[in-house]
Structure formats: structure tokens, C-alpha cells
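As stored in work.cif (mmCIF, C-alpha atoms and all ligand atoms):
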data_upload
#
loop_
_atom_site.group_PDB
_atom_site.id
_atom_site.type_symbol
_atom_site.label_atom_id
_atom_site.label_comp_id
_atom_site.auth_asym_id
_atom_site.auth_seq_id
_atom_site.Cartn_x
_atom_site.Cartn_y
_atom_site.Cartn_z
ATOM 1 C CA MET Q 1 69.089 29.948 127.671
ATOM 2 C CA THR Q 2 66.381 27.829 126.040
ATOM 3 C CA VAL Q 3 62.663 28.002 126.724
ATOM 4 C CA ILE Q 4 62.694 24.816 128.773
ATOM 5 C CA GLU Q 5 65.673 25.995 130.843
ATOM 6 C CA ALA Q 6 64.119 29.430 131.400
ATOM 7 C CA ARG Q 7 60.845 27.906 132.543
ATOM 8 C CA ALA Q 8 62.608 25.547 134.931
ATOM 9 C CA GLU Q 9 64.702 28.358 136.415
ATOM 10 C CA ALA Q 10 61.656 30.641 136.837
ATOM 11 C CA GLU Q 11 59.705 27.837 138.475
ATOM 12 C CA ARG Q 12 62.562 27.291 140.903
ATOM 13 C CA ILE Q 13 62.527 31.019 141.785
ATOM 14 C CA LEU Q 14 58.745 31.006 142.199
ATOM 15 C CA ARG Q 15 58.685 27.895 144.384
ATOM 16 C CA GLY Q 16 61.190 29.579 146.686
ATOM 17 C CA GLY Q 17 59.054 32.747 146.895
ATOM 18 C CA ARG Q 18 55.769 33.925 148.388
ATOM 19 C CA ILE Q 19 53.231 32.415 146.033
ATOM 20 C CA PRO Q 20 49.812 31.590 147.520
ATOM 21 C CA ALA Q 21 49.272 27.814 147.765
ATOM 22 C CA GLU Q 22 46.355 27.910 145.304
ATOM 23 C CA ASP Q 23 48.507 29.475 142.579
ATOM 24 C CA ASP Q 24 50.460 27.396 140.063
ATOM 25 C CA PRO Q 25 54.151 28.374 139.690
ATOM 26 C CA SER Q 26 54.511 26.404 136.465
ATOM 27 C CA ARG Q 27 51.593 28.251 134.885
ATOM 28 C CA ASP Q 28 52.811 31.634 136.163
ATOM 29 C CA ALA Q 29 56.273 30.943 134.702
ATOM 30 C CA LEU Q 30 54.718 30.155 131.331
ATOM 31 C CA VAL Q 31 52.463 33.245 131.358
ATOM 32 C CA LEU Q 32 55.392 35.509 132.246
ATOM 33 C CA LEU Q 33 57.604 33.928 129.581
ATOM 34 C CA ALA Q 34 54.884 34.431 126.965
ATOM 35 C CA TRP Q 35 54.561 38.071 127.995
ATOM 36 C CA ALA Q 36 58.341 38.652 128.073
ATOM 37 C CA THR Q 37 59.026 37.057 124.685
ATOM 38 C CA GLY Q 38 55.824 38.037 122.897
ATOM 39 C CA ARG Q 39 55.413 34.352 121.934
ATOM 40 C CA SER Q 40 52.175 32.451 122.398
ATOM 41 C CA ARG Q 41 51.959 29.872 125.161
ATOM 42 C CA SER Q 42 51.340 27.157 122.575
ATOM 43 C CA ARG Q 43 54.518 28.110 120.698
ATOM 44 C CA LEU Q 44 56.506 28.005 123.947
ATOM 45 C CA LEU Q 45 55.104 24.544 124.697
ATOM 46 C CA ALA Q 46 55.688 23.291 121.161
ATOM 47 C CA HIS Q 47 59.244 24.676 120.899
ATOM 48 C CA PRO Q 48 60.999 24.236 124.249
ATOM 49 C CA GLU Q 49 64.362 24.199 122.437
ATOM 50 C CA GLU Q 50 64.108 27.793 121.108
ATOM 51 C CA ASP Q 51 66.355 30.462 122.535
ATOM 52 C CA VAL Q 52 64.988 33.053 124.981
ATOM 53 C CA PRO Q 53 66.286 36.522 124.161
ATOM 54 C CA GLU Q 54 67.377 38.483 127.251
ATOM 55 C CA PRO Q 55 66.715 35.713 129.778
ATOM 56 C CA GLU Q 56 67.831 37.944 132.690
ATOM 57 C CA LYS Q 57 64.979 40.332 131.952
ATOM 58 C CA PHE Q 58 62.517 37.447 132.077
ATOM 59 C CA LEU Q 59 63.999 36.072 135.303
ATOM 60 C CA SER Q 60 63.696 39.483 136.942
ATOM 61 C CA LEU Q 61 59.938 39.306 136.253
ATOM 62 C CA ALA Q 62 59.841 35.910 137.956
ATOM 63 C CA ARG Q 63 61.682 37.418 140.939
ATOM 64 C CA LYS Q 64 59.077 40.194 141.164
ATOM 65 C CA ARG Q 65 56.292 37.610 141.112
ATOM 66 C CA ALA Q 66 58.136 35.663 143.815
ATOM 67 C CA THR Q 67 57.686 38.630 146.196
ATOM 68 C CA GLY Q 68 53.948 37.867 146.107
ATOM 69 C CA LEU Q 69 53.092 40.534 143.526
ATOM 70 C CA PRO Q 70 50.321 39.119 141.281
ATOM 71 C CA VAL Q 71 51.157 38.321 137.650
ATOM 72 C CA ALA Q 72 48.773 41.117 136.563
ATOM 73 C CA TYR Q 73 50.855 43.768 138.349
ATOM 74 C CA VAL Q 74 54.093 42.290 136.963
ATOM 75 C CA THR Q 75 52.822 42.421 133.376
ATOM 76 C CA GLY Q 76 50.614 45.497 133.933
ATOM 77 C CA GLU Q 77 47.579 43.884 132.329
ATOM 78 C CA LYS Q 78 44.584 41.685 133.097
ATOM 79 C CA GLU Q 79 41.836 40.123 130.965
ATOM 80 C CA PHE Q 80 38.268 41.043 131.890
ATOM 81 C CA TRP Q 81 35.072 40.740 129.863
ATOM 82 C CA GLY Q 82 37.090 39.674 126.814
ATOM 83 C CA MET Q 83 39.331 42.756 126.887
ATOM 84 C CA THR Q 84 42.854 43.428 128.159
ATOM 85 C CA PHE Q 85 42.853 46.141 130.832
ATOM 86 C CA GLN Q 86 45.914 47.983 132.043
ATOM 87 C CA VAL Q 87 46.439 47.714 135.773
ATOM 88 C CA THR Q 88 48.805 49.260 138.294
ATOM 89 C CA PRO Q 89 48.932 48.772 142.082
ATOM 90 C CA ASP Q 90 46.706 51.894 142.285
ATOM 91 C CA VAL Q 91 43.740 49.773 141.224
ATOM 92 C CA LEU Q 92 42.264 46.455 142.218
ATOM 93 C CA ILE Q 93 42.927 43.695 139.692
ATOM 94 C CA PRO Q 94 39.646 42.915 137.847
ATOM 95 C CA LYS Q 95 38.279 39.618 139.196
ATOM 96 C CA PRO Q 96 35.976 37.053 137.574
ATOM 97 C CA ASP Q 97 33.549 37.599 140.531
ATOM 98 C CA THR Q 98 32.816 41.043 139.128
ATOM 99 C CA GLU Q 99 31.532 39.632 135.834
ATOM 100 C CA THR Q 100 28.325 38.850 137.780
ATOM 101 C CA LEU Q 101 27.903 42.585 138.426
ATOM 102 C CA VAL Q 102 28.627 43.452 134.780
ATOM 103 C CA GLU Q 103 26.294 40.767 133.428
ATOM 104 C CA ARG Q 104 23.365 42.009 135.476
ATOM 105 C CA ALA Q 105 24.192 45.673 134.757
ATOM 106 C CA ILE Q 106 24.064 45.017 131.015
ATOM 107 C CA GLU Q 107 20.790 43.112 131.311
ATOM 108 C CA VAL Q 108 19.187 45.951 133.264
ATOM 109 C CA LEU Q 109 20.406 48.683 130.915
ATOM 110 C CA ARG Q 110 19.326 46.750 127.832
ATOM 111 C CA ALA Q 111 15.847 46.362 129.296
ATOM 112 C CA HIS Q 112 15.668 50.088 130.012
ATOM 113 C CA ALA Q 113 17.007 50.944 126.562
ATOM 114 C CA ALA Q 114 14.633 48.541 124.813
ATOM 115 C CA GLY Q 115 11.806 50.324 126.597
ATOM 116 C CA SER Q 116 10.168 47.479 128.478
ATOM 117 C CA PRO Q 117 6.667 48.612 129.505
ATOM 118 C CA GLU Q 118 7.961 49.234 133.019
ATOM 119 C CA SER Q 119 10.897 51.389 131.931
ATOM 120 C CA ARG Q 120 8.873 53.256 129.267
ATOM 121 C CA ARG Q 121 6.725 54.437 132.124
ATOM 122 C CA PHE Q 122 9.769 56.043 133.735
ATOM 123 C CA PHE Q 123 12.144 56.806 130.896
ATOM 124 C CA GLY Q 124 9.777 57.470 127.979
ATOM 125 C CA ALA Q 125 11.267 56.801 124.570
ATOM 126 C CA ARG Q 126 14.732 58.147 125.366
ATOM 127 C CA ARG Q 127 17.551 57.366 123.006
ATOM 128 C CA PHE Q 128 20.156 57.107 125.761
ATOM 129 C CA CYS Q 129 20.178 55.635 129.264
ATOM 130 C CA GLU Q 130 22.580 57.111 131.762
ATOM 131 C CA ALA Q 131 24.607 54.824 134.003
ATOM 132 C CA LEU Q 132 26.966 55.646 136.872
ATOM 133 C CA ASP Q 133 29.849 53.448 138.039
ATOM 134 C CA VAL Q 134 30.969 54.396 141.560
ATOM 135 C CA CYS Q 135 34.486 53.319 142.704
ATOM 136 C CA THR Q 136 35.477 52.547 139.126
ATOM 137 C CA GLY Q 137 39.122 51.573 139.881
ATOM 138 C CA SER Q 138 40.608 50.269 136.625
ATOM 139 C CA GLY Q 139 37.379 51.256 134.850
ATOM 140 C CA CYS Q 140 36.684 47.654 133.885
ATOM 141 C CA VAL Q 141 32.981 47.766 134.842
ATOM 142 C CA ALA Q 142 32.341 51.134 133.183
ATOM 143 C CA VAL Q 143 34.111 50.095 129.970
ATOM 144 C CA ALA Q 144 32.379 46.694 129.794
ATOM 145 C CA ILE Q 145 28.962 48.325 130.179
ATOM 146 C CA ALA Q 146 29.627 51.169 127.762
ATOM 147 C CA ARG Q 147 30.921 48.737 125.139
ATOM 148 C CA SER Q 148 28.055 46.289 125.537
ATOM 149 C CA VAL Q 149 25.117 48.723 125.539
ATOM 150 C CA PRO Q 150 25.183 51.176 122.617
ATOM 151 C CA GLU Q 151 22.391 53.249 124.200
ATOM 152 C CA SER Q 152 24.350 53.844 127.416
ATOM 153 C CA LEU Q 153 25.998 57.073 128.533
ATOM 154 C CA VAL Q 154 28.392 56.149 131.296
ATOM 155 C CA THR Q 155 29.867 58.268 134.087
ATOM 156 C CA ALA Q 156 32.516 56.790 136.372
ATOM 157 C CA THR Q 157 33.837 58.091 139.688
ATOM 158 C CA ASP Q 158 36.641 57.244 142.071
ATOM 159 C CA ILE Q 159 38.186 58.816 145.158
ATOM 160 C CA SER Q 160 41.695 58.077 143.855
ATOM 161 C CA GLU Q 161 43.212 60.362 141.251
ATOM 162 C CA ALA Q 162 45.789 57.703 140.359
ATOM 163 C CA ALA Q 163 43.026 55.129 139.802
ATOM 164 C CA LEU Q 164 41.097 57.563 137.579
ATOM 165 C CA ARG Q 165 44.172 58.001 135.390
ATOM 166 C CA VAL Q 166 44.323 54.220 134.854
ATOM 167 C CA ALA Q 167 40.575 54.093 134.155
ATOM 168 C CA GLU Q 168 40.793 56.973 131.677
ATOM 169 C CA GLU Q 169 43.598 55.224 129.824
ATOM 170 C CA ASN Q 170 41.559 51.996 129.660
ATOM 171 C CA ALA Q 171 38.514 53.914 128.436
ATOM 172 C CA ARG Q 172 40.589 55.576 125.734
ATOM 173 C CA GLU Q 173 41.927 52.227 124.534
ATOM 174 C CA LEU Q 174 38.858 50.034 124.986
ATOM 175 C CA GLY Q 175 35.790 52.242 125.433
ATOM 176 C CA PRO Q 176 33.362 53.332 122.716
ATOM 177 C CA SER Q 177 34.697 56.313 120.759
ATOM 178 C CA ASP Q 178 31.253 57.718 119.931
ATOM 179 C CA ARG Q 179 30.181 58.006 123.603
ATOM 180 C CA PRO Q 180 33.259 58.732 125.719
ATOM 181 C CA ILE Q 181 32.961 57.732 129.361
ATOM 182 C CA ARG Q 182 32.835 60.766 131.662
ATOM 183 C CA PHE Q 183 35.203 60.559 134.650
ATOM 184 C CA VAL Q 184 34.626 62.441 137.886
ATOM 185 C CA LEU Q 185 36.995 62.535 140.861
ATOM 186 C CA GLY Q 186 35.124 62.407 144.148
ATOM 187 C CA ASP Q 187 34.302 60.821 147.480
ATOM 188 C CA LEU Q 188 30.963 58.996 147.361
ATOM 189 C CA ARG Q 189 30.320 60.084 150.970
ATOM 190 C CA ASP Q 190 29.984 63.667 149.675
ATOM 191 C CA GLY Q 191 27.328 62.715 147.110
ATOM 192 C CA LEU Q 192 27.270 61.627 143.467
ATOM 193 C CA PRO Q 193 27.660 63.635 140.257
ATOM 194 C CA PRO Q 194 24.374 64.500 138.540
ATOM 195 C CA PRO Q 195 23.654 62.895 135.136
ATOM 196 C CA SER Q 196 25.431 64.459 132.169
ATOM 197 C CA THR Q 197 22.379 65.537 130.177
ATOM 198 C CA PRO Q 198 20.400 68.432 131.647
ATOM 199 C CA ASP Q 199 16.927 66.984 130.963
ATOM 200 C CA SER Q 200 17.805 63.535 132.325
ATOM 201 C CA PRO Q 201 15.285 61.945 134.710
ATOM 202 C CA GLY Q 202 18.275 60.578 136.689
ATOM 203 C CA TYR Q 203 20.447 57.520 136.215
ATOM 204 C CA ALA Q 204 18.761 54.395 134.888
ATOM 205 C CA LEU Q 205 21.496 52.373 136.608
ATOM 206 C CA ILE Q 206 23.995 52.925 139.395
ATOM 207 C CA VAL Q 207 26.562 50.200 139.739
ATOM 208 C CA SER Q 208 29.404 49.847 142.230
ATOM 209 C CA ASN Q 209 32.140 47.495 143.342
ATOM 210 C CA PRO Q 210 33.094 49.454 146.470
ATOM 211 C CA PRO Q 211 35.590 48.392 149.123
ATOM 212 C CA TYR Q 212 33.564 45.784 151.028
ATOM 213 C CA VAL Q 213 36.067 43.637 152.895
ATOM 214 C CA PRO Q 214 36.014 43.900 156.717
ATOM 215 C CA SER Q 215 39.133 45.820 157.866
ATOM 216 C CA ASP Q 216 40.820 42.926 159.676
ATOM 217 C CA VAL Q 217 40.243 40.541 156.737
ATOM 218 C CA ALA Q 218 41.530 43.160 154.256
ATOM 219 C CA ARG Q 219 44.751 43.609 156.204
ATOM 220 C CA GLY Q 220 45.158 39.811 156.375
ATOM 221 C CA LEU Q 221 44.659 39.469 152.599
ATOM 222 C CA LEU Q 222 47.469 41.925 151.906
ATOM 223 C CA GLU Q 223 49.969 40.008 154.043
ATOM 224 C CA ASP Q 224 50.724 37.737 151.078
ATOM 225 C CA GLY Q 225 52.412 40.649 149.269
ATOM 226 C CA ARG Q 226 49.710 40.996 146.590
ATOM 227 C CA GLY Q 227 50.127 44.774 146.755
ATOM 228 C CA GLU Q 228 46.491 45.645 146.051
ATOM 229 C CA PRO Q 229 45.390 49.054 147.410
ATOM 230 C CA LEU Q 230 43.931 48.782 150.930
ATOM 231 C CA LEU Q 231 41.769 51.790 150.055
ATOM 232 C CA ALA Q 232 39.963 49.675 147.444
ATOM 233 C CA LEU Q 233 39.341 46.740 149.787
ATOM 234 C CA ASP Q 234 38.780 48.047 153.309
ATOM 235 C CA GLY Q 235 35.089 48.599 153.995
ATOM 236 C CA GLY Q 236 35.323 49.159 157.756
ATOM 237 C CA ALA Q 237 34.488 46.855 160.661
ATOM 238 C CA ASP Q 238 31.821 44.756 158.865
ATOM 239 C CA GLY Q 239 32.876 45.780 155.341
ATOM 240 C CA LEU Q 240 29.696 47.750 154.669
ATOM 241 C CA ASP Q 241 30.689 51.330 155.619
ATOM 242 C CA LEU Q 242 30.776 52.439 151.990
ATOM 243 C CA VAL Q 243 27.622 50.522 151.024
ATOM 244 C CA ARG Q 244 25.741 52.254 153.837
ATOM 245 C CA ALA Q 245 27.139 55.631 152.744
ATOM 246 C CA LEU Q 246 26.368 55.027 149.072
ATOM 247 C CA ALA Q 247 22.805 53.666 149.322
ATOM 248 C CA PRO Q 248 20.985 56.948 150.182
ATOM 249 C CA HIS Q 249 22.949 58.956 147.594
ATOM 250 C CA ALA Q 250 22.238 56.290 144.968
ATOM 251 C CA LEU Q 251 18.534 56.325 145.735
ATOM 252 C CA ARG Q 252 18.436 60.090 145.183
ATOM 253 C CA ALA Q 253 20.540 60.064 142.004
ATOM 254 C CA LEU Q 254 18.521 57.294 140.315
ATOM 255 C CA ALA Q 255 15.572 58.034 138.077
ATOM 256 C CA PRO Q 256 12.295 56.619 139.341
ATOM 257 C CA GLY Q 257 12.335 52.958 138.314
ATOM 258 C CA GLY Q 258 16.154 52.969 138.117
ATOM 259 C CA THR Q 259 18.297 50.122 139.406
ATOM 260 C CA PHE Q 260 21.096 50.017 141.986
ATOM 261 C CA LEU Q 261 23.585 47.130 141.815
ATOM 262 C CA VAL Q 262 26.356 46.663 144.332
ATOM 263 C CA GLU Q 263 28.993 43.966 144.637
ATOM 264 C CA VAL Q 264 29.577 42.692 148.173
ATOM 265 C CA GLY Q 265 31.126 39.732 149.983
ATOM 266 C CA GLU Q 266 29.293 36.454 150.389
ATOM 267 C CA TYR Q 267 29.685 37.045 154.137
ATOM 268 C CA ASN Q 268 27.924 40.436 154.191
ATOM 269 C CA ALA Q 269 25.447 40.141 151.283
ATOM 270 C CA ALA Q 270 22.450 39.535 153.572
ATOM 271 C CA ALA Q 271 23.340 42.573 155.703
ATOM 272 C CA ALA Q 272 23.801 44.672 152.544
ATOM 273 C CA ALA Q 273 20.355 43.594 151.286
ATOM 274 C CA GLY Q 274 18.934 44.643 154.670
ATOM 275 C CA CYS Q 275 20.600 48.031 154.354
ATOM 276 C CA LEU Q 276 19.075 48.638 150.887
ATOM 277 C CA LYS Q 277 15.675 47.663 152.201
ATOM 278 C CA GLU Q 278 15.962 50.019 155.151
ATOM 279 C CA GLU Q 279 16.983 52.810 152.810
ATOM 280 C CA GLY Q 280 13.752 52.376 150.834
ATOM 281 C CA PHE Q 281 14.826 50.346 147.794
ATOM 282 C CA LEU Q 282 12.215 47.973 146.355
ATOM 283 C CA ASP Q 283 12.380 44.526 144.727
ATOM 284 C CA ILE Q 284 15.634 43.576 146.433
ATOM 285 C CA VAL Q 285 17.356 40.552 144.885
ATOM 286 C CA THR Q 286 20.734 38.933 145.563
ATOM 287 C CA HIS Q 287 22.634 37.432 142.624
ATOM 288 C CA ARG Q 288 25.171 34.620 142.943
ATOM 289 C CA ASP Q 289 28.542 34.476 141.199
ATOM 290 C CA LEU Q 290 29.854 31.515 139.187
ATOM 291 C CA ALA Q 291 31.096 29.895 142.398
ATOM 292 C CA GLY Q 292 27.497 29.957 143.702
ATOM 293 C CA LEU Q 293 28.268 32.645 146.307
ATOM 294 C CA ASP Q 294 26.042 35.652 147.037
ATOM 295 C CA ARG Q 295 27.866 38.462 145.243
ATOM 296 C CA VAL Q 296 25.609 41.233 143.966
ATOM 297 C CA VAL Q 297 22.706 42.948 145.685
ATOM 298 C CA GLU Q 298 20.107 44.716 143.546
ATOM 299 C CA GLY Q 299 17.420 47.217 144.469
ATOM 300 C CA ARG Q 300 15.037 49.440 142.513
ATOM 301 C CA ARG Q 301 13.917 52.967 143.133
ATOM 302 C CA GLY Q 302 10.118 53.098 143.231
HETATM 303 N N1 LIG Q 401 37.145 40.030 146.983
HETATM 304 C C1 LIG Q 401 37.425 41.204 146.250
HETATM 305 C C2 LIG Q 401 38.874 41.216 145.805
HETATM 306 O O1 LIG Q 401 39.726 40.566 146.379
HETATM 307 C C3 LIG Q 401 37.096 42.430 147.080
HETATM 308 C C4 LIG Q 401 36.879 43.599 146.225
HETATM 309 C C5 LIG Q 401 36.295 44.780 146.930
HETATM 310 O O2 LIG Q 401 36.406 45.035 148.146
HETATM 311 N N2 LIG Q 401 35.620 45.534 146.181
HETATM 312 O O3 LIG Q 401 39.188 41.839 144.825
#
As C-alpha cells, what does this structure read like?
Amino acid sequence: MTVIEARAEAERILRGGRIPAEDDPSRDALVLLAWATGRSRSRLLAHPEEDVPEPEKFLSLARKRATGLPVAYVTGEKEFWGMTFQVTPDVLIPKPDTETLVERAIEVLRAHAAGSPESRRFFGARRFCEALDVCTGSGCVAVAIARSVPESLVTATDISEAALRVAEENARELGPSDRPIRFVLGDLRDGLPPPSTPDSPGYALIVSNPPYVPSDVARGLLEDGRGEPLLALDGGADGLDLVRALAPHALRALAPGGTFLVEVGEYNAAAAAGCLKEEGFLDIVTHRDLAGLDRVVEGRRG
């Protein structure tokens, strides 16, 4: 079977399957063929006449995708923040929305590490800033932060043991080797792990992409067969159960002057900001994602 025949056959399979309307079967077929053959997409496009080794193996990937399973779960990998993360259905697939959270997290940590007058007041001239990533999932946020800020010491937690295994593997492959990320299994409703250094004033940053989708919406999302873990999406009736549970623990675990950043839905960002305010956070700001939607709520411990 040639490249052009394999692509056409995969596209036929995908068009007959459960692919969300906004997805592009022709693109998915090409991405899967590139992954299956180890050839670049440009080579596949330039040489449609080349033979595809083991075409049945490739077509079985297309059949998996046709069940609604996202390409990332079929290939077991997803690009985020310029790196390739391993993913399994135990973790949410890293989404471009979350780059807003990472971008702001890095900005905040760099400011603390550079010792802006404000942060010097709280952190002194410390060499390292501690950061905590709650509900780490694949570990993509923790790894992106740890890699981007050489002065950061990152701890990451999750309630799911299976998710932590994926995150640990990603940290081993992609994280900084001089400052390994510390992983802690735990339920954020029971509290947060203390910072790793005994004389730490508390975390300079707590960041989280918790489950924040209202229960009925989360169940609806999964009807397309995407296979993402409900545990990682379902945030209760209004989506904010975990944000409400996390906010007081975060306030206590932060150093004075430390920053809390939480990703939420555009539909519950205003309510989340209200919850942080009620909890006693100061300087509350909402950041928009690249689509212009309210995505990340920020608050500071006074
Ligand atoms: N919209 C996000 C997603 O589909 C929701 C993530 C979350 O609840 N943390 O991945």
C-alpha cells in the first residue's frame, strides 16, 4: 500500500467514525501516518508514491481514532510548551489553553527569583523559589515551570496514583536534572504538602489546573468517546468545588506575598475570582487565553 492509498483508506475510516465536527480527518490521517512510519509529514506529502510498511498496523490506529479517542491517546504523546509529553487516558491531554497558566506562572516566579523590591521584602535574597503544582496530571505545568525558571524548586501533587506515574515519567524525560521535581500523592481537600526546604517561608507560587467543568457539562463532553478521565474534569455542580476547597489551603501554604494561579472555565471565572476574594486573597486579576476567554484567576497572599 502506498502513502496516498493509506491516507485515503484512513480518511475513509475516520469519516465513518466518531470524529468531532471541528476535527480534520485528513490531518489526523496524516499525523497518524507520520507517527506510524516515523516519516515527517513533509516527506509523506512530497512522496505519496512510497510504500507504507505494515499498513494494517497503521489502519488499526485509524480505527482506534475513529472510536472518538483523541490522536494524543492513540499515539501516547502530545506537544506542550515546545516539549513532547507522554499521555495515557489516566491524564488530561495538555491543552493550549493551559499555556496561559504556564506563561503567567513563569512570569511570577521570575519576578520573585529576580528579587523585585516587593518580593525581596518577603523572600529576602533566597537562591531558590518554591512552587507547588496541584492536580498535576501529566505533569506538563510542573515540567514547563521547572524547565523555564532555573531558580525554581517544584513540587507536584495529584489524587491519582496512575496520573503521578505518568507525570514522574515526563519529569524524568523532560524536567531539569539538577532540581528534580518532587511528587506527592494526595487529595487537595486534605491539605497541601509543606515546602521541601525546612527554612522555607512557604511557596512563592501555587498553581493549579483542577477539574473545573460543571458535572453535567463534563459528562456531555465525554459522550464523544474522547476517553479523558472524568475525575480530571468534573468540578461539581458549578465546576468550582475543587477551587473552593483549594483556595484556603493555598492561602495557608503560600509565603506572605506569594501568588496563587488557578485555571478555570470562561463560564465560572468571575465566580472563582469572587471565591478568592472571599477567602482573603489580594490583588485579584483574571487573565485571558489566546482565544480571548477568561481562563486564569490570580490572587496574592498579603
Ligand atoms: N476545558 C478543559 C479541558 O477540556 C478542562 C480542564 C479541567 O477541568 N481542568 O481539558
Test item: axis-aligned box, all listed atoms of ligand LIG 401 (chain Q), 8 Å on each side, centre and edges in Å rounded to one decimal, as JSON:
{"center_x": 37.7, "center_y": 42.8, "center_z": 146.5, "size_x": 20.1, "size_y": 21.5, "size_z": 19.3}
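Using only C-alpha atoms and all ligand atoms for every distance, the candidate list Q:Gly137, Q:Pro55, Q:Gly191, Q:Pro210 yields Q:Pro210 as the residue closest to ligand LIG 401 (chain Q).
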Would you list the contacts of Leu109 (chain Q) as a tab-separated table (two decimals) with C-alpha atoms, in the coordinates of the input, taking every protein, DNA or RNA residue within 10 Å and counting all atoms listed in the file, but skipping same-chain residues closer than 4 positions in sequence?
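Okay, result_3.tsv is ready:
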chain	number	residue	atom	x	y	z
Q	104	ARG	CA	23.36	42.01	135.48
Q	105	ALA	CA	24.19	45.67	134.76
Q	113	ALA	CA	17.01	50.94	126.56
Q	114	ALA	CA	14.63	48.54	124.81
Q	115	GLY	CA	11.81	50.32	126.60
Q	119	SER	CA	10.90	51.39	131.93
Q	128	PHE	CA	20.16	57.11	125.76
Q	129	CYS	CA	20.18	55.64	129.26
Q	130	GLU	CA	22.58	57.11	131.76
Q	131	ALA	CA	24.61	54.82	134.00
Q	145	ILE	CA	28.96	48.32	130.18
Q	148	SER	CA	28.06	46.29	125.54
Q	149	VAL	CA	25.12	48.72	125.54
Q	150	PRO	CA	25.18	51.18	122.62
Q	151	GLU	CA	22.39	53.25	124.20
Q	152	SER	CA	24.35	53.84	127.42
Q	204	ALA	CA	18.76	54.40	134.89
Q	205	LEU	CA	21.50	52.37	136.61
Q	258	GLY	CA	16.15	52.97	138.12
Q	259	THR	CA	18.30	50.12	139.41
If you count only C-alpha atoms, which residues fall within 12 Å of Glu223 (chain Q), apart from same-chain ones fewer than 4 positions away, as a VMD selection string?
-> chain Q and resid 18 to 20 67 to 69 216 to 219 227 to 228 230
Give me the chain Q side of the contact with ligand LIG 401 (chain Q), cut-off 9 Å, one line per residue showing its nearest atom pair and distance in Å at one decimal, counting only C-alpha atoms and all ligand atoms, sorted by chain and residue number, as JSON lines.
{"residue": "Q:Leu92", "atom": "CA", "partner": "Q:LIG401", "partner_atom": "O3", "distance": 6.1}
{"residue": "Q:Ile93", "atom": "CA", "partner": "Q:LIG401", "partner_atom": "O3", "distance": 6.6}
{"residue": "Q:Pro94", "atom": "CA", "partner": "Q:LIG401", "partner_atom": "O3", "distance": 7.1}
{"residue": "Q:Lys95", "atom": "CA", "partner": "Q:LIG401", "partner_atom": "O3", "distance": 6.1}
{"residue": "Q:Asp97", "atom": "CA", "partner": "Q:LIG401", "partner_atom": "N1", "distance": 7.8}
{"residue": "Q:Thr98", "atom": "CA", "partner": "Q:LIG401", "partner_atom": "C1", "distance": 8.5}
{"residue": "Q:Cys135", "atom": "CA", "partner": "Q:LIG401", "partner_atom": "N2", "distance": 8.6}
{"residue": "Q:Ser208", "atom": "CA", "partner": "Q:LIG401", "partner_atom": "N2", "distance": 8.5}
{"residue": "Q:Asn209", "atom": "CA", "partner": "Q:LIG401", "partner_atom": "N2", "distance": 4.9}
{"residue": "Q:Pro210", "atom": "CA", "partner": "Q:LIG401", "partner_atom": "N2", "distance": 4.7}
{"residue": "Q:Pro211", "atom": "CA", "partner": "Q:LIG401", "partner_atom": "O2", "distance": 3.6}
{"residue": "Q:Tyr212", "atom": "CA", "partner": "Q:LIG401", "partner_atom": "O2", "distance": 4.1}
{"residue": "Q:Val213", "atom": "CA", "partner": "Q:LIG401", "partner_atom": "O2", "distance": 5.0}
{"residue": "Q:Pro214", "atom": "CA", "partner": "Q:LIG401", "partner_atom": "O2", "distance": 8.7}
{"residue": "Q:Ala218", "atom": "CA", "partner": "Q:LIG401", "partner_atom": "O2", "distance": 8.2}
{"residue": "Q:Leu221", "atom": "CA", "partner": "Q:LIG401", "partner_atom": "O1", "distance": 8.0}
{"residue": "Q:Glu228", "atom": "CA", "partner": "Q:LIG401", "partner_atom": "O3", "distance": 8.3}
{"residue": "Q:Leu230", "atom": "CA", "partner": "Q:LIG401", "partner_atom": "O2", "distance": 8.9}
{"residue": "Q:Leu231", "atom": "CA", "partner": "Q:LIG401", "partner_atom": "O2", "distance": 8.8}
{"residue": "Q:Ala232", "atom": "CA", "partner": "Q:LIG401", "partner_atom": "O2", "distance": 5.9}
{"residue": "Q:Leu233", "atom": "CA", "partner": "Q:LIG401", "partner_atom": "O2", "distance": 3.8}
{"residue": "Q:Asp234", "atom": "CA", "partner": "Q:LIG401", "partner_atom": "O2", "distance": 6.4}
{"residue": "Q:Gly235", "atom": "CA", "partner": "Q:LIG401", "partner_atom": "O2", "distance": 7.0}
{"residue": "Q:Gly239", "atom": "CA", "partner": "Q:LIG401", "partner_atom": "O2", "distance": 8.0}
{"residue": "Q:Glu263", "atom": "CA", "partner": "Q:LIG401", "partner_atom": "N2", "distance": 7.0}
{"residue": "Q:Val264", "atom": "CA", "partner": "Q:LIG401", "partner_atom": "N2", "distance": 7.0}
{"residue": "Q:Gly265", "atom": "CA", "partner": "Q:LIG401", "partner_atom": "N1", "distance": 6.7}
Near-Thr155 (chain Q) list (6 Å; all atoms listed in the file; drop same-chain fewer than 2 positions) as a ChimeraX atom specification = /Q:132,181-183
Convert the current residue selection to file output with C-alpha atoms, as a compact mmCIF listing (two decimals), in the frame of the given file.
# COMPACT_ATOMS: atom_id res chain seq x y z
CA LEU Q 132 26.97 55.65 136.87
CA ILE Q 181 32.96 57.73 129.36
CA ARG Q 182 32.84 60.77 131.66
CA PHE Q 183 35.20 60.56 134.65
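Remark: for Ala272 (chain Q), the closest of the candidate residues Q:Ile284, Q:Cys140, Q:Ala29, Q:Leu192 is Q:Ile284 (distances computed over only C-alpha atoms).
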